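The data block below is structure.pdb; it holds PDB, C-alpha atoms.
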```pdb
MODEL        1
ATOM      1  CA  LEU A  14     166.574  16.758  53.555
ATOM      2  CA  LYS A  15     165.927  19.294  50.822
ATOM      3  CA  VAL A  16     162.268  19.692  51.830
ATOM      4  CA  ALA A  17     163.051  19.773  55.553
ATOM      5  CA  ASN A  18     165.528  22.602  54.943
ATOM      6  CA  SER A  19     163.256  24.541  52.584
ATOM      7  CA  SER A  20     161.955  27.949  53.627
ATOM      8  CA  ARG A  21     158.538  26.430  54.289
ATOM      9  CA  TYR A  22     159.865  24.163  57.061
ATOM     10  CA  GLN A  23     163.014  26.000  58.129
ATOM     11  CA  GLY A  24     163.168  26.045  61.908
ATOM     12  CA  GLY A  25     166.351  27.973  62.518
ATOM     13  CA  GLN A  26     168.909  25.232  62.142
ATOM     14  CA  THR A  27     169.908  23.180  59.133
ATOM     15  CA  ILE A  28     168.820  19.548  59.172
ATOM     16  CA  THR A  29     171.591  17.110  58.260
ATOM     17  CA  THR A  30     170.132  13.682  59.091
ATOM     18  CA  LEU A  31     167.147  11.783  57.769
ATOM     19  CA  ARG A  32     165.944  11.173  61.305
ATOM     20  CA  SER A  33     165.872  14.922  62.018
ATOM     21  CA  ALA A  34     164.156  15.565  58.684
ATOM     22  CA  CYS A  35     161.463  13.011  59.533
ATOM     23  CA  VAL A  36     160.897  14.632  62.908
ATOM     24  CA  ARG A  37     160.615  18.109  61.360
ATOM     25  CA  LEU A  38     158.318  17.031  58.528
ATOM     26  CA  GLY A  39     156.198  14.409  60.280
ATOM     27  CA  ASN A  40     155.290  10.935  59.104
ATOM     28  CA  ARG A  41     152.463  11.994  56.765
ATOM     29  CA  ARG A  42     154.613  14.504  54.879
ATOM     30  CA  VAL A  43     157.492  12.005  54.595
ATOM     31  CA  LEU A  44     155.072   9.393  53.224
ATOM     32  CA  THR A  45     153.712  11.931  50.738
ATOM     33  CA  ILE A  46     157.227  12.792  49.556
ATOM     34  CA  ALA A  47     158.087   9.088  49.176
ATOM     35  CA  GLN A  48     154.950   8.495  47.097
ATOM     36  CA  GLU A  49     155.759  11.522  44.971
ATOM     37  CA  VAL A  50     159.253  10.150  44.278
ATOM     38  CA  MET A  51     157.676   6.819  43.330
ATOM     39  CA  ALA A  52     155.266   8.601  40.978
ATOM     40  CA  ARG A  53     158.088  10.612  39.411
ATOM     41  CA  ASP A  54     159.971   7.405  38.678
ATOM     42  CA  LEU A  55     156.913   5.997  36.896
ATOM     43  CA  PHE A  56     156.970   8.924  34.467
ATOM     44  CA  MET A  57     160.530   8.285  33.314
ATOM     45  CA  ALA A  58     159.691   6.982  29.841
ATOM     46  CA  GLY A  59     162.896   7.429  27.916
ATOM     47  CA  SER A  60     163.499   9.811  25.064
ATOM     48  CA  GLY A  61     161.756  10.838  21.877
ATOM     49  CA  THR A  62     158.061  11.615  21.546
ATOM     50  CA  PHE A  63     157.072   9.351  24.419
ATOM     51  CA  GLY A  64     159.661  10.836  26.714
ATOM     52  CA  GLU A  65     158.432  14.315  25.805
ATOM     53  CA  ILE A  66     154.801  13.363  26.499
ATOM     54  CA  ALA A  67     155.755  11.656  29.776
ATOM     55  CA  ASP A  68     157.808  14.696  30.827
ATOM     56  CA  ALA A  69     154.877  16.978  30.028
ATOM     57  CA  MET A  70     152.509  14.644  31.931
ATOM     58  CA  TRP A  71     154.847  14.767  34.925
ATOM     59  CA  ALA A  72     155.005  18.565  34.806
ATOM     60  CA  ASN A  73     151.199  18.696  34.748
ATOM     61  CA  THR A  74     150.993  16.172  37.583
ATOM     62  CA  ARG A  75     153.415  18.145  39.772
ATOM     63  CA  VAL A  76     151.580  21.418  39.183
ATOM     64  CA  SER A  77     148.202  19.731  39.724
ATOM     65  CA  SER A  78     149.247  18.009  42.946
ATOM     66  CA  GLU A  79     150.749  21.162  44.432
ATOM     67  CA  GLY A  80     147.707  23.131  43.290
ATOM     68  CA  ALA A  81     145.367  20.644  44.970
ATOM     69  CA  ARG A  82     147.420  20.904  48.175
ATOM     70  CA  ARG A  83     147.177  24.701  48.158
ATOM     71  CA  LEU A  84     143.453  24.661  47.383
ATOM     72  CA  ALA A  85     142.885  22.198  50.239
ATOM     73  CA  GLU A  86     144.865  24.419  52.619
ATOM     74  CA  ILE A  87     142.709  27.398  51.640
ATOM     75  CA  GLN A  88     139.459  25.454  51.702
ATOM     76  CA  GLY A  89     140.176  23.625  54.958
ATOM     77  CA  VAL A  90     137.739  20.777  54.267
ATOM     78  CA  VAL A  91     140.113  17.889  53.471
ATOM     79  CA  ASP A  92     143.676  17.109  54.480
ATOM     80  CA  PRO A  93     146.141  18.873  52.137
ATOM     81  CA  ASP A  94     148.347  15.758  51.929
ATOM     82  CA  GLU A  95     145.379  13.679  50.808
ATOM     83  CA  ALA A  96     144.434  16.309  48.226
ATOM     84  CA  HIS A  97     148.051  16.291  47.014
ATOM     85  CA  LEU A  98     148.094  12.502  46.633
ATOM     86  CA  SER A  99     144.677  12.430  44.973
ATOM     87  CA  ALA A 100     145.862  14.859  42.320
ATOM     88  CA  LEU A 101     149.222  13.090  42.048
ATOM     89  CA  PHE A 102     147.576   9.782  41.129
ATOM     90  CA  HIS A 103     144.181  10.733  39.656
ATOM     91  CA  ASN A 104     145.450  10.488  36.055
ATOM     92  CA  LEU A 105     147.745   7.510  36.585
ATOM     93  CA  GLY A 106     145.754   5.555  34.000
ATOM     94  CA  GLU A 107     146.974   7.995  31.342
ATOM     95  CA  LEU A 108     150.558   7.026  32.031
ATOM     96  CA  VAL A 109     149.775   3.309  31.885
ATOM     97  CA  LEU A 110     148.036   3.814  28.538
ATOM     98  CA  LEU A 111     150.984   5.893  27.281
ATOM     99  CA  ARG A 112     153.338   3.037  28.050
ATOM    100  CA  ALA A 113     151.036   0.535  26.338
ATOM    101  CA  PHE A 114     150.772   2.834  23.304
ATOM    102  CA  ARG A 115     154.556   3.107  23.195
ATOM    103  CA  GLU A 116     154.769  -0.682  23.053
ATOM    104  CA  LEU A 117     152.243  -0.807  20.193
ATOM    105  CA  VAL A 118     153.889   1.900  18.099
ATOM    106  CA  GLY A 119     157.454   0.849  18.821
ATOM    107  CA  LEU A 120     160.348   3.234  18.461
ATOM    108  CA  LYS A 121     159.000   5.156  15.484
ATOM    109  CA  LYS A 122     157.545   8.598  15.965
ATOM    110  CA  PRO A 123     153.740   8.338  16.185
ATOM    111  CA  THR A 124     151.710  10.020  13.479
ATOM    112  CA  VAL A 125     149.161  12.723  14.218
ATOM    113  CA  SER A 126     146.344  10.222  13.660
ATOM    114  CA  GLU A 127     147.994   7.731  16.046
ATOM    115  CA  LEU A 128     148.266  10.448  18.681
ATOM    116  CA  ARG A 129     144.572  11.315  18.149
ATOM    117  CA  MET A 130     143.693   7.653  18.541
ATOM    118  CA  PHE A 131     145.759   7.523  21.725
ATOM    119  CA  ARG A 132     143.963  10.604  23.048
ATOM    120  CA  GLU A 133     140.581   8.960  22.400
ATOM    121  CA  GLU A 134     141.662   5.805  24.235
ATOM    122  CA  VAL A 135     142.967   7.862  27.136
ATOM    123  CA  ASP A 136     139.729   9.830  27.373
ATOM    124  CA  GLU A 137     137.665   6.647  27.408
ATOM    125  CA  HIS A 138     139.731   4.302  29.603
ATOM    126  CA  HIS A 139     142.221   6.123  31.844
ATOM    127  CA  GLU A 140     139.915   6.390  34.855
ATOM    128  CA  GLU A 141     139.228   2.656  34.990
ATOM    129  CA  VAL A 142     142.880   1.752  34.381
ATOM    130  CA  GLY A 143     144.094   4.130  37.100
ATOM    131  CA  CYS A 144     141.517   2.874  39.586
ATOM    132  CA  ARG A 145     142.473  -0.746  39.027
ATOM    133  CA  LEU A 146     146.171  -0.015  39.346
ATOM    134  CA  LEU A 147     145.790   1.969  42.575
ATOM    135  CA  GLY A 148     143.545  -0.751  43.991
ATOM    136  CA  GLY A 149     146.071  -3.406  43.019
ATOM    137  CA  TRP A 150     148.830  -1.464  44.724
ATOM    138  CA  GLY A 151     146.791  -1.329  47.924
ATOM    139  CA  PHE A 152     146.231   2.440  47.971
ATOM    140  CA  ALA A 153     143.431   3.736  50.142
ATOM    141  CA  ALA A 154     140.041   3.238  48.513
ATOM    142  CA  ASP A 155     139.440   7.002  48.434
ATOM    143  CA  PHE A 156     142.352   7.523  46.022
ATOM    144  CA  ALA A 157     141.131   4.729  43.740
ATOM    145  CA  LYS A 158     137.623   6.231  43.793
ATOM    146  CA  VAL A 159     138.992   9.623  42.780
ATOM    147  CA  ALA A 160     140.925   8.015  39.923
ATOM    148  CA  SER A 161     137.881   6.003  38.830
ATOM    149  CA  ALA A 162     135.498   8.884  38.189
ATOM    150  CA  HIS A 163     137.166  12.280  38.359
ATOM    151  CA  HIS A 164     135.601  13.543  35.108
ATOM    152  CA  VAL A 165     131.997  12.717  35.971
ATOM    153  CA  PRO A 166     129.466  14.312  38.312
ATOM    154  CA  ALA A 167     129.354  13.024  41.882
ATOM    155  CA  GLY A 168     127.778   9.622  42.301
ATOM    156  CA  LYS A 169     125.029   8.878  44.792
ATOM    157  CA  ASP A 170     127.301   6.611  46.827
ATOM    158  CA  GLU A 171     130.244   9.029  46.821
ATOM    159  CA  SER A 172     131.276  10.248  50.271
ATOM    160  CA  GLU A 173     131.724  13.955  50.912
ATOM    161  CA  LYS A 174     135.464  13.411  51.352
ATOM    162  CA  VAL A 175     135.861  11.614  47.997
ATOM    163  CA  ARG A 176     133.738  14.299  46.340
ATOM    164  CA  GLU A 177     135.995  17.056  47.722
ATOM    165  CA  LEU A 178     139.197  15.196  46.798
ATOM    166  CA  ARG A 179     137.882  14.580  43.274
ATOM    167  CA  LEU A 180     136.854  18.196  42.796
ATOM    168  CA  LEU A 181     140.198  19.496  44.121
ATOM    169  CA  ALA A 182     142.180  17.159  41.851
ATOM    170  CA  LEU A 183     140.090  18.092  38.815
ATOM    171  CA  ALA A 184     140.188  21.841  39.566
ATOM    172  CA  ALA A 185     143.967  21.802  40.025
ATOM    173  CA  TRP A 186     144.415  19.727  36.848
ATOM    174  CA  LYS A 187     142.250  22.150  34.852
ATOM    175  CA  LEU A 188     144.202  25.115  36.246
ATOM    176  CA  ALA A 189     147.469  23.443  35.214
ATOM    177  CA  LEU A 190     146.128  22.952  31.679
ATOM    178  CA  THR A 191     144.909  26.552  31.566
ATOM    179  CA  VAL A 192     148.360  27.928  32.360
ATOM    180  CA  GLY A 193     150.007  25.740  29.717
ATOM    181  CA  PHE A 194     150.858  22.394  31.305
ATOM    182  CA  THR A 195     149.300  20.315  28.513
ATOM    183  CA  TYR A 196     150.558  16.975  27.246
ATOM    184  CA  LEU A 197     148.051  15.556  24.751
ATOM    185  CA  PRO A 198     146.863  16.994  21.405
ATOM    186  CA  LYS A 199     143.976  19.490  21.632
ATOM    187  CA  GLN A 200     143.888  19.291  25.401
ATOM    188  CA  GLU A 201     141.801  21.835  27.247
TER     189      GLU A 201
ENDMDL
END
```
As structure tokens:
Amino acid sequence: LKVANSSRYQGGQTITTLRSACVRLGNRRVLTIAQEVMARDLFMAGSGTFGEIADAMWANTRVSSEGARRLAEIQGVVDPDEAHLSALFHNLGELVLLRAFRELVGLKKPTVSELRMFREEVDEHHEEVGCRLLGGWGFAADFAKVASAHHVPAGKDESEKVRELRLLALAAWKLALTVGFTYLPKQE
């Protein structure tokens, strides 16, 4: 209801029912919002250092996904909703690794060297972990492909659509980092 009544979608009268909101927004936008809510819930990691990192990851993810949507609207090559979802889930493996790291370290505050170690593991494994998770959840193969190789040059078997989604997600993520939405040590 909040999105349907926002200035972007405002159509003159206030929407008060979910049915009317779905009609105003359309099925694709409603699905995108539902997936975003699901993603937000995944980032709820509790308090302390891990909660702070998860909150910062979520802030980066939100900025990146909205940035990818806007870039796609400007570019006009891929669907903005697909660009949004690609950016929303392209770094999902980082969150999974954060949760695993939290289990290993326990409740104590991680040391600087433990955080560096975590960063190295994230850099090396997050793409594969994210790809497997998205595939296991039954997401479209394009989203899993973006998650699986968003930090590497385009592969020979990569479709033009996956290439564009990957580049939009990565560009929006880098822009978010540039303006201060970082979440790991020495992140650029």
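Protein, DNA and RNA residues at most 12 Å from (149.1, 21.8, 30.8), with only C-alpha atoms, are these: Ile66, Asp68, Ala69, Met70, Trp71, Ala72, Asn73, Thr74, Arg75, Val76, Ser77, Ala185, Trp186, Lys187, Leu188, Ala189, Leu190, Thr191, Val192, Gly193, Phe194, Thr195, Tyr196, Leu197, Pro198, Lys199, Gln200 and Glu201 of chain A.
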Query raised in the report: Looking at A:Val91, A:Ala67, A:Leu98, A:Val109, which one is nearest to Glu140 of chain A, with distances taken over all atoms listed in the file?
Result: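 Looking only at the distances to Glu140 of chain A, the closest residue turns out to be A:Val109.
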**Report entry** atom CA of Leu110 of chain A to atom CA of Leu128 of chain A, straight-line distance in Å
**Finding:**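 According to the coordinates, atom CA of Leu128 of chain A and atom CA of Leu110 of chain A are separated by 11.9 Å.
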Report task. Measuring atom to atom with all atoms listed in the file, identify which of A:Glu173, A:Phe102, A:Gly119, A:Val125 is nearest to Ser161 of chain A. Result ->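 So, comparing all the options, the nearest one is A:Phe102.
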Can you sort out the box for segment 136-146 of chain A, edges along x, y and z, all listed atoms in, 6 Å on every side, with centre and edge lengths in Å to one decimal, as AutoDock Vina command-line options?
```
--center_x 141.9 --center_y 4.5 --center_z 33.5 --size_x 20.5 --size_y 22.6 --size_z 24.2
```
**Report entry** Pro93 of chain A environment, 9 Å, all atoms listed in the file, sequence neighbours closer than 5 positions dropped, as a PyMOL selection string
**Finding:** chain A and resi 81-86+98
**Report entry** Which residue of A:Val142, A:Ala162, A:Leu147, A:Ala153 approaches Arg176 of chain A most closely, using only C-alpha atoms
**Finding:**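 Among the listed residues, the smallest separation from Arg176 of chain A belongs to A:Ala162.
Across A:Arg32, A:His103, A:Arg115, A:Arg129, the tightest approach to Gly64 of chain A is made by A:Arg115 when counting only C-alpha atoms.
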**Report entry** Residue nearest Val118 of chain A - candidates A:Gln88, A:Met130, A:Leu146, A:His138, atoms counted: all atoms listed in the file
**Finding:**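 Using all atoms listed in the file, Val118 of chain A sits closest to A:Met130.
Distance annotation: of A:Trp150, A:Glu95, A:Pro123, A:Arg132, the residue with the minimal separation from Val175 of chain A is A:Glu95; atom set is only C-alpha atoms.
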Report task. For atom CA of Val159 of chain A and atom CA of Ser99 of chain A, quote the distance in Å rounded to one decimal. Result -> 6.7 Å
Report task. Measure the distance from atom CA of Ser172 of chain A to atom CA of Leu101 of chain A in Å and round it to one decimal. Result ->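 If I compute the distance from atom CA of Ser172 of chain A to atom CA of Leu101 of chain A, I get 19.9 Å.
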